[in-house]
$ cat upload.cif   # mmCIF, C-alpha atoms and all ligand atoms
data_input
#
loop_
_atom_site.label_atom_id
_atom_site.label_comp_id
_atom_site.auth_asym_id
_atom_site.auth_seq_id
_atom_site.Cartn_x
_atom_site.Cartn_y
_atom_site.Cartn_z
CA MET A 14 21.47 -159.04 124.86
CA THR A 15 18.05 -159.19 123.25
CA GLU A 16 17.70 -156.69 120.46
CA SER A 17 14.03 -155.98 120.01
CA ALA A 18 12.10 -154.31 117.23
CA LEU A 19 8.57 -153.35 116.28
CA VAL A 20 7.81 -153.60 112.55
CA LEU A 21 5.05 -151.65 110.83
CA PHE A 22 3.52 -154.53 108.91
CA SER A 23 0.66 -153.91 106.48
CA GLY A 24 0.80 -157.11 104.46
CA GLY A 25 2.38 -155.40 101.44
CA GLN A 26 5.64 -156.18 99.67
CA ASP A 27 7.66 -153.45 101.37
CA SER A 28 6.58 -154.15 104.93
CA ALA A 29 6.95 -157.92 104.48
CA THR A 30 10.52 -157.35 103.27
CA CYS A 31 11.10 -155.11 106.30
CA LEU A 32 9.76 -157.83 108.59
CA ALA A 33 12.14 -160.37 107.04
CA TRP A 34 15.00 -157.84 107.42
CA ALA A 35 14.17 -157.35 111.11
CA LEU A 36 13.80 -161.09 111.80
CA ASP A 37 17.17 -161.67 110.19
CA ARG A 38 18.77 -159.13 112.57
CA TYR A 39 16.89 -159.03 115.83
CA SER A 40 16.02 -161.77 118.28
CA ALA A 41 12.67 -160.37 119.44
CA VAL A 42 10.38 -158.87 116.81
CA GLU A 43 6.77 -157.75 117.15
CA THR A 44 4.45 -156.38 114.47
CA ILE A 45 1.87 -153.61 114.32
CA GLY A 46 -0.81 -153.17 111.65
CA PHE A 47 -3.44 -150.54 111.00
CA ALA A 48 -6.99 -150.63 109.77
CA TYR A 49 -7.89 -147.18 108.45
CA GLY A 50 -10.74 -147.78 106.05
CA GLN A 51 -8.31 -148.58 103.22
CA ARG A 52 -9.96 -149.74 99.99
CA HIS A 53 -7.37 -152.52 99.81
CA ILE A 54 -8.31 -153.85 103.25
CA VAL A 55 -7.62 -157.29 101.76
CA GLU A 56 -3.93 -156.53 102.51
CA LEU A 57 -4.70 -157.15 106.19
CA ASP A 58 -5.83 -160.73 105.38
CA CYS A 59 -2.30 -161.36 104.09
CA ARG A 60 -0.73 -160.54 107.45
CA ALA A 61 -1.41 -163.68 109.51
CA PRO A 62 -0.33 -166.22 106.85
CA LEU A 63 2.79 -164.14 106.09
CA ARG A 64 3.66 -163.89 109.77
CA SER A 65 3.40 -167.68 110.16
CA ALA A 66 5.51 -168.32 107.08
CA LEU A 67 8.21 -165.83 108.10
CA ALA A 68 8.26 -167.19 111.65
CA ALA A 69 9.07 -170.60 110.15
CA VAL A 70 12.06 -169.13 108.27
CA TRP A 71 13.43 -167.42 111.42
CA PRO A 72 12.18 -169.64 114.28
CA GLY A 73 11.77 -168.31 117.81
CA ARG A 74 12.03 -164.62 116.97
CA LEU A 75 8.54 -163.44 116.11
CA GLY A 76 6.44 -162.19 119.01
CA PRO A 77 2.90 -160.82 119.16
CA ASP A 78 1.02 -158.89 116.52
CA HIS A 79 -0.88 -155.72 117.39
CA MET A 80 -3.77 -154.40 115.28
CA ILE A 81 -4.78 -150.78 115.75
CA ASP A 82 -8.04 -149.49 114.31
CA LEU A 83 -7.74 -145.94 112.96
CA THR A 84 -10.76 -146.22 110.69
CA ALA A 85 -12.82 -143.65 112.53
CA VAL A 86 -9.91 -141.20 112.45
CA LEU A 87 -8.79 -141.42 108.83
CA GLN A 88 -12.11 -142.23 107.20
CA GLY A 89 -13.65 -139.47 109.29
CA ILE A 90 -11.22 -137.01 107.68
CA GLY A 91 -11.88 -138.68 104.31
CA GLY A 92 -11.40 -137.31 100.82
CA THR A 93 -8.63 -139.58 99.51
CA ALA A 94 -8.72 -142.24 96.79
CA LEU A 95 -7.20 -144.73 99.23
CA THR A 96 -10.06 -144.45 101.70
CA SER A 97 -13.02 -143.61 99.42
CA GLU A 98 -14.44 -144.93 96.16
CA ILE A 99 -13.07 -142.08 94.06
CA ALA A 100 -10.86 -142.41 90.98
CA ILE A 101 -7.08 -142.32 91.42
CA ALA A 102 -5.77 -139.08 89.91
CA MET A 103 -3.15 -136.39 90.35
CA THR A 104 -4.03 -133.38 92.50
CA ASP A 105 -3.22 -129.73 91.81
CA GLU A 106 -0.23 -130.03 94.17
CA GLY A 107 1.28 -132.70 91.92
CA LEU A 108 0.55 -135.52 94.39
CA PRO A 109 -1.62 -138.55 93.68
CA ASN A 110 -4.93 -138.39 95.56
CA THR A 111 -4.01 -141.75 97.11
CA PHE A 112 -1.95 -139.68 99.54
CA VAL A 113 -3.60 -139.82 102.98
CA PRO A 114 -2.39 -136.68 104.77
CA GLY A 115 -0.85 -137.48 108.13
CA ARG A 116 -1.18 -141.24 107.74
CA ASN A 117 2.44 -142.24 108.19
CA LEU A 118 2.93 -139.63 110.92
CA LEU A 119 -0.02 -141.15 112.75
CA PHE A 120 1.29 -144.69 112.16
CA LEU A 121 4.74 -143.83 113.53
CA THR A 122 3.22 -142.08 116.55
CA CYS A 123 1.03 -145.10 117.36
CA ALA A 124 3.96 -147.46 116.77
CA ALA A 125 6.18 -145.47 119.14
CA ALA A 126 3.44 -145.39 121.79
CA LEU A 127 3.12 -149.16 121.53
CA ALA A 128 6.90 -149.61 121.51
CA TYR A 129 7.03 -147.49 124.66
CA ARG A 130 4.51 -149.73 126.39
CA ARG A 131 6.16 -152.95 125.13
CA GLY A 132 9.73 -151.83 125.89
CA LEU A 133 10.85 -152.09 122.26
CA ARG A 134 13.62 -149.79 121.08
CA ARG A 135 13.71 -150.12 117.32
CA ILE A 136 10.83 -149.22 115.04
CA VAL A 137 11.16 -150.58 111.51
CA ALA A 138 9.11 -149.11 108.69
CA GLY A 139 9.04 -149.47 104.90
CA MET A 140 9.12 -145.83 103.84
CA CYS A 141 11.10 -145.31 100.65
CA GLU A 142 12.25 -142.11 99.00
CA THR A 143 13.87 -143.68 95.94
CA ASP A 144 10.98 -145.25 94.09
CA TYR A 145 7.77 -143.86 95.46
CA SER A 146 4.68 -141.88 94.57
CA GLY A 147 5.97 -138.53 95.85
CA TYR A 148 4.38 -138.89 99.27
CA PRO A 149 6.10 -136.33 101.53
CA ASP A 150 5.69 -138.54 104.61
CA CYS A 151 7.91 -141.20 103.01
CA ARG A 152 10.91 -138.88 102.88
CA ASP A 153 14.01 -139.56 104.94
CA ASP A 154 13.84 -136.04 106.43
CA THR A 155 10.28 -136.68 107.60
CA VAL A 156 11.28 -139.93 109.32
CA LYS A 157 14.32 -138.30 110.96
CA ALA A 158 12.15 -135.42 112.22
CA MET A 159 9.62 -137.93 113.58
CA GLN A 160 12.37 -139.81 115.41
CA LEU A 161 13.42 -136.58 117.08
CA ALA A 162 9.85 -135.56 117.93
CA LEU A 163 8.93 -138.99 119.31
CA ASN A 164 12.09 -139.24 121.39
CA LEU A 165 11.52 -135.79 122.85
CA GLY A 166 7.80 -136.31 123.38
CA MET A 167 8.12 -139.74 125.01
CA GLN A 168 11.54 -139.33 126.59
CA ARG A 169 12.94 -142.45 124.93
CA ARG A 170 15.77 -143.32 122.56
CA PHE A 171 13.78 -144.97 119.81
CA VAL A 172 15.64 -145.74 116.61
CA LEU A 173 13.49 -145.46 113.49
CA GLU A 174 14.89 -147.80 110.87
CA THR A 175 13.87 -147.66 107.21
CA PRO A 176 15.84 -150.35 105.36
CA LEU A 177 14.13 -149.54 102.05
CA MET A 178 14.65 -145.76 102.14
CA TRP A 179 17.31 -145.73 99.41
CA ARG A 180 16.31 -148.92 97.61
CA ASP A 181 14.12 -148.92 94.51
CA LYS A 182 11.54 -151.66 93.97
CA ALA A 183 14.02 -153.81 92.05
CA ALA A 184 16.47 -153.56 94.95
CA THR A 185 13.66 -154.48 97.36
CA TRP A 186 13.16 -157.78 95.49
CA ALA A 187 16.95 -158.25 95.52
CA LEU A 188 16.97 -157.68 99.30
CA ALA A 189 14.32 -160.38 99.79
CA ASP A 190 16.44 -162.73 97.68
CA ALA A 191 19.54 -161.93 99.74
CA LEU A 192 17.67 -162.44 103.04
CA GLY A 193 15.78 -165.63 102.28
CA GLY A 194 16.51 -166.76 98.72
CA ALA A 195 13.92 -168.11 96.33
CA ARG A 196 11.70 -169.30 99.19
CA LEU A 197 11.29 -165.78 100.58
CA VAL A 198 10.89 -164.20 97.13
CA GLU A 199 8.08 -166.63 96.32
CA LEU A 200 6.44 -165.99 99.67
CA ILE A 201 6.48 -162.23 99.06
CA ARG A 202 5.42 -162.59 95.42
CA THR A 203 2.33 -164.66 96.18
CA GLY A 204 1.62 -163.81 99.82
CA THR A 205 1.77 -160.00 99.92
CA HIS A 206 -0.66 -157.43 98.59
CA SER A 207 0.13 -154.05 96.99
CA CYS A 208 -2.79 -153.24 94.64
CA TYR A 209 -4.65 -150.11 95.72
CA LEU A 210 -7.90 -151.48 94.30
CA GLY A 211 -7.68 -154.63 96.40
CA ASP A 212 -7.71 -156.88 93.32
CA ARG A 213 -6.49 -160.43 94.09
CA SER A 214 -8.38 -162.11 91.26
CA ARG A 215 -5.35 -163.09 89.16
CA LEU A 216 -1.72 -163.96 89.80
CA GLU A 217 0.74 -162.12 87.57
CA GLU A 218 4.46 -162.82 87.31
CA TRP A 219 5.06 -160.16 90.01
CA GLY A 220 2.13 -161.12 92.26
CA TYR A 221 -1.58 -160.39 92.60
CA GLY A 222 -3.14 -157.13 91.43
CA CYS A 223 -5.05 -155.18 88.80
CA GLY A 224 -1.80 -154.40 86.96
CA THR A 225 -2.73 -150.79 86.21
CA CYS A 226 -3.00 -148.84 89.48
CA PRO A 227 0.14 -146.93 90.61
CA ALA A 228 1.00 -149.56 93.26
CA CYS A 229 0.75 -152.42 90.74
CA GLU A 230 2.79 -150.49 88.17
CA LEU A 231 5.61 -149.82 90.65
CA ARG A 232 5.61 -153.44 91.81
CA ALA A 233 5.55 -154.89 88.29
CA GLN A 234 8.28 -152.57 86.99
CA GLY A 235 10.49 -153.36 89.98
CA TRP A 236 10.01 -157.10 89.47
CA GLN A 237 10.90 -156.84 85.77
CA ARG A 238 14.00 -154.73 86.42
CA TRP A 239 15.15 -157.14 89.14
CA ARG A 240 14.60 -160.22 86.91
CA ALA A 241 16.44 -158.55 84.04
CA ALA A 242 19.38 -157.61 86.31
CA ALA A 243 19.47 -161.14 87.80
CA ALA A 244 19.44 -162.68 84.31
CA SER A 245 22.31 -160.51 83.06
CA ALA A 246 24.30 -161.17 86.27
CA SER A 247 23.93 -164.94 85.78
CA ILE A 248 25.16 -164.63 82.19
CA THR A 249 28.18 -162.65 83.39
CA ALA A 250 28.83 -165.19 86.13
CA SER A 251 28.62 -168.25 83.87
CA PRO A 252 31.98 -170.06 83.42
CA SER A 253 32.23 -169.42 79.70
CA GLY A 254 31.09 -165.82 80.09
CA ASP A 255 29.21 -166.35 76.88
CA GLU A 256 25.80 -167.85 76.33
CA THR A 257 26.41 -168.77 72.67
ZN ZN B 301 -3.58 -152.50 91.24
#
$ encode --input "upload.cif" --output "structure tokens"
Amino acid sequence: MTESALVLFSGGQDSATCLAWALDRYSAVETIGFAYGQRHIVELDCRAPLRSALAAVWPGRLGPDHMIDLTAVLQGIGGTALTSEIAIAMTDEGLPNTFVPGRNLLFLTCAAALAYRRGLRRIVAGMCETDYSGYPDCRDDTVKAMQLALNLGMQRRFVLETPLMWRDKAATWALADALGGARLVELIRTGTHSCYLGDRSRLEEWGYGCGTCPACELRAQGWQRWRAAAASASITASPSGDET
């Protein structure tokens, strides 16, 4: 039986890891991406090369890509640091102003509508509650409620899968390593984009980015924690058990 899935694929680290996770599991995988007036629109340029590279790792599984343009909708609402040239800061509600209200709810709704039309049952998305910026639409409860609402509203049995929900950024790098080894880690390190400011001018140890925005900080800290854990594991696993 063909197990099919639709992956929300932005071109970032999390969604690329989710795409690898889905390709490793399911025999027919399609991708959906969204333009919404994001300042880091450069992330969308990462999608096609990443798709080709991942398709080569898991041959014969990757189907079509679908781009949906929500620019008029989300930029029309406006007022966030992710969709306008305003400084990234905390709001009075204790949330970063990079939060785009309704964005992930809209993404999941569009993804389910497309999955309905394409006959795909699983919807895979990179929301994460463990190591995130406090966005309420990344919470597990939100995703579970959306699954219920979408299934009721479309009379389907979609399964919303969030493989990163309980993984921190270090564990996300470890997952990439487990799925595709050094080749996949390198692909994600150099081929994905996370930086909110869209900076791809220099390659750091953990990938491209400004190094100081919240997305870069999370990515860099996760990389460093993962490298440190991998280094101490290899010391423990060495035959002598002692480096000296
Ligand atoms: Zn950055």
$ residues_around --input "upload.cif" --residues "region 157-172 of chain A" --least-positions-apart "6" --cutoff "9 Å" --atoms "only C-alpha atoms" --output "MDAnalysis selection string"
chainID A and resid 118 121:122 125:126 128:129 133:137
$ residues_near_ligand --input "upload.cif" --ligand "ligand ZN 301 (chain B)" --cutoff "10 Å" --atoms "all atoms listed in the file" --output "ChimeraX atom specification"
/A:53,206-213,221-233
$ write_last_selection --input "upload.cif" --atoms "C-alpha atoms" --output "PDB file, in the coordinates of the input"
ATOM      1  CA  HIS A  53      -7.370-152.520  99.810  1.00  0.00           C
ATOM      2  CA  HIS A 206      -0.660-157.430  98.590  1.00  0.00           C
ATOM      3  CA  SER A 207       0.130-154.050  96.990  1.00  0.00           C
ATOM      4  CA  CYS A 208      -2.790-153.240  94.640  1.00  0.00           C
ATOM      5  CA  TYR A 209      -4.650-150.110  95.720  1.00  0.00           C
ATOM      6  CA  LEU A 210      -7.900-151.480  94.300  1.00  0.00           C
ATOM      7  CA  GLY A 211      -7.680-154.630  96.400  1.00  0.00           C
ATOM      8  CA  ASP A 212      -7.710-156.880  93.320  1.00  0.00           C
ATOM      9  CA  ARG A 213      -6.490-160.430  94.090  1.00  0.00           C
ATOM     10  CA  TYR A 221      -1.580-160.390  92.600  1.00  0.00           C
ATOM     11  CA  GLY A 222      -3.140-157.130  91.430  1.00  0.00           C
ATOM     12  CA  CYS A 223      -5.050-155.180  88.800  1.00  0.00           C
ATOM     13  CA  GLY A 224      -1.800-154.400  86.960  1.00  0.00           C
ATOM     14  CA  THR A 225      -2.730-150.790  86.210  1.00  0.00           C
ATOM     15  CA  CYS A 226      -3.000-148.840  89.480  1.00  0.00           C
ATOM     16  CA  PRO A 227       0.140-146.930  90.610  1.00  0.00           C
ATOM     17  CA  ALA A 228       1.000-149.560  93.260  1.00  0.00           C
ATOM     18  CA  CYS A 229       0.750-152.420  90.740  1.00  0.00           C
ATOM     19  CA  GLU A 230       2.790-150.490  88.170  1.00  0.00           C
ATOM     20  CA  LEU A 231       5.610-149.820  90.650  1.00  0.00           C
ATOM     21  CA  ARG A 232       5.610-153.440  91.810  1.00  0.00           C
ATOM     22  CA  ALA A 233       5.550-154.890  88.290  1.00  0.00           C
TER      23      ALA A 233
END
$ residues_around --input "upload.cif" --residues "Cys59 (chain A)" --least-positions-apart "4" --cutoff "8 Å" --atoms "only C-alpha atoms" --output "list in words"
Gly24, Val55, Leu63, Gly204, Thr205 and His206 of chain A
$ write_last_selection --input "upload.cif" --atoms "C-alpha atoms" --output "PDB file, in the coordinates of the input"
ATOM      1  CA  GLY A  24       0.800-157.110 104.460  1.00  0.00           C
ATOM      2  CA  VAL A  55      -7.620-157.290 101.760  1.00  0.00           C
ATOM      3  CA  LEU A  63       2.790-164.140 106.090  1.00  0.00           C
ATOM      4  CA  GLY A 204       1.620-163.810  99.820  1.00  0.00           C
ATOM      5  CA  THR A 205       1.770-160.000  99.920  1.00  0.00           C
ATOM      6  CA  HIS A 206      -0.660-157.430  98.590  1.00  0.00           C
TER       7      HIS A 206
END
$ axis_aligned_box --input "upload.cif" --around "region 141-156 of chain A" --padding-each-side "4 Å" --output "AutoDock Vina command-line options"
--center_x 9.2 --center_y -140.7 --center_z 101.7 --size_x 17.6 --size_y 17.3 --size_z 23.2
$ closest_atom_pairs --input "upload.cif" --of "region 123-240 of chain A" --to "region 37-50 of chain A" --cutoff "9 Å" --atoms "only C-alpha atoms" --output "Markdown table"
| residue | atom | partner | partner_atom | distance |
| --- | --- | --- | --- | --- |
| A:Ala124 | CA | A:Ile45 | CA | 6.9 |
| A:Leu127 | CA | A:Ile45 | CA | 8.6 |
| A:Leu133 | CA | A:Glu43 | CA | 8.6 |
| A:Leu192 | CA | A:Asp37 | CA | 7.2 |
| A:Gly193 | CA | A:Asp37 | CA | 9.0 |
$ closest_residue --input "upload.cif" --among "A:Gly139, A:Gly92, A:Pro109, A:Gly220" --to "Leu200 (chain A)" --atoms "only C-alpha atoms"
A:Gly220
$ atom_distance --input "upload.cif" --atom1 "CA of Cys141 (chain A)" --atom2 "CA of His79 (chain A)"
23.1 Å
$ closest_residue --input "upload.cif" --among "A:Thr15, A:Gly89, A:Cys31, A:Asp153" --to "Val113 (chain A)" --atoms "only C-alpha atoms"
A:Gly89
$ atom_distance --input "upload.cif" --atom1 "CA of Ser97 (chain A)" --atom2 "CA of Pro114 (chain A)"
13.8 Å
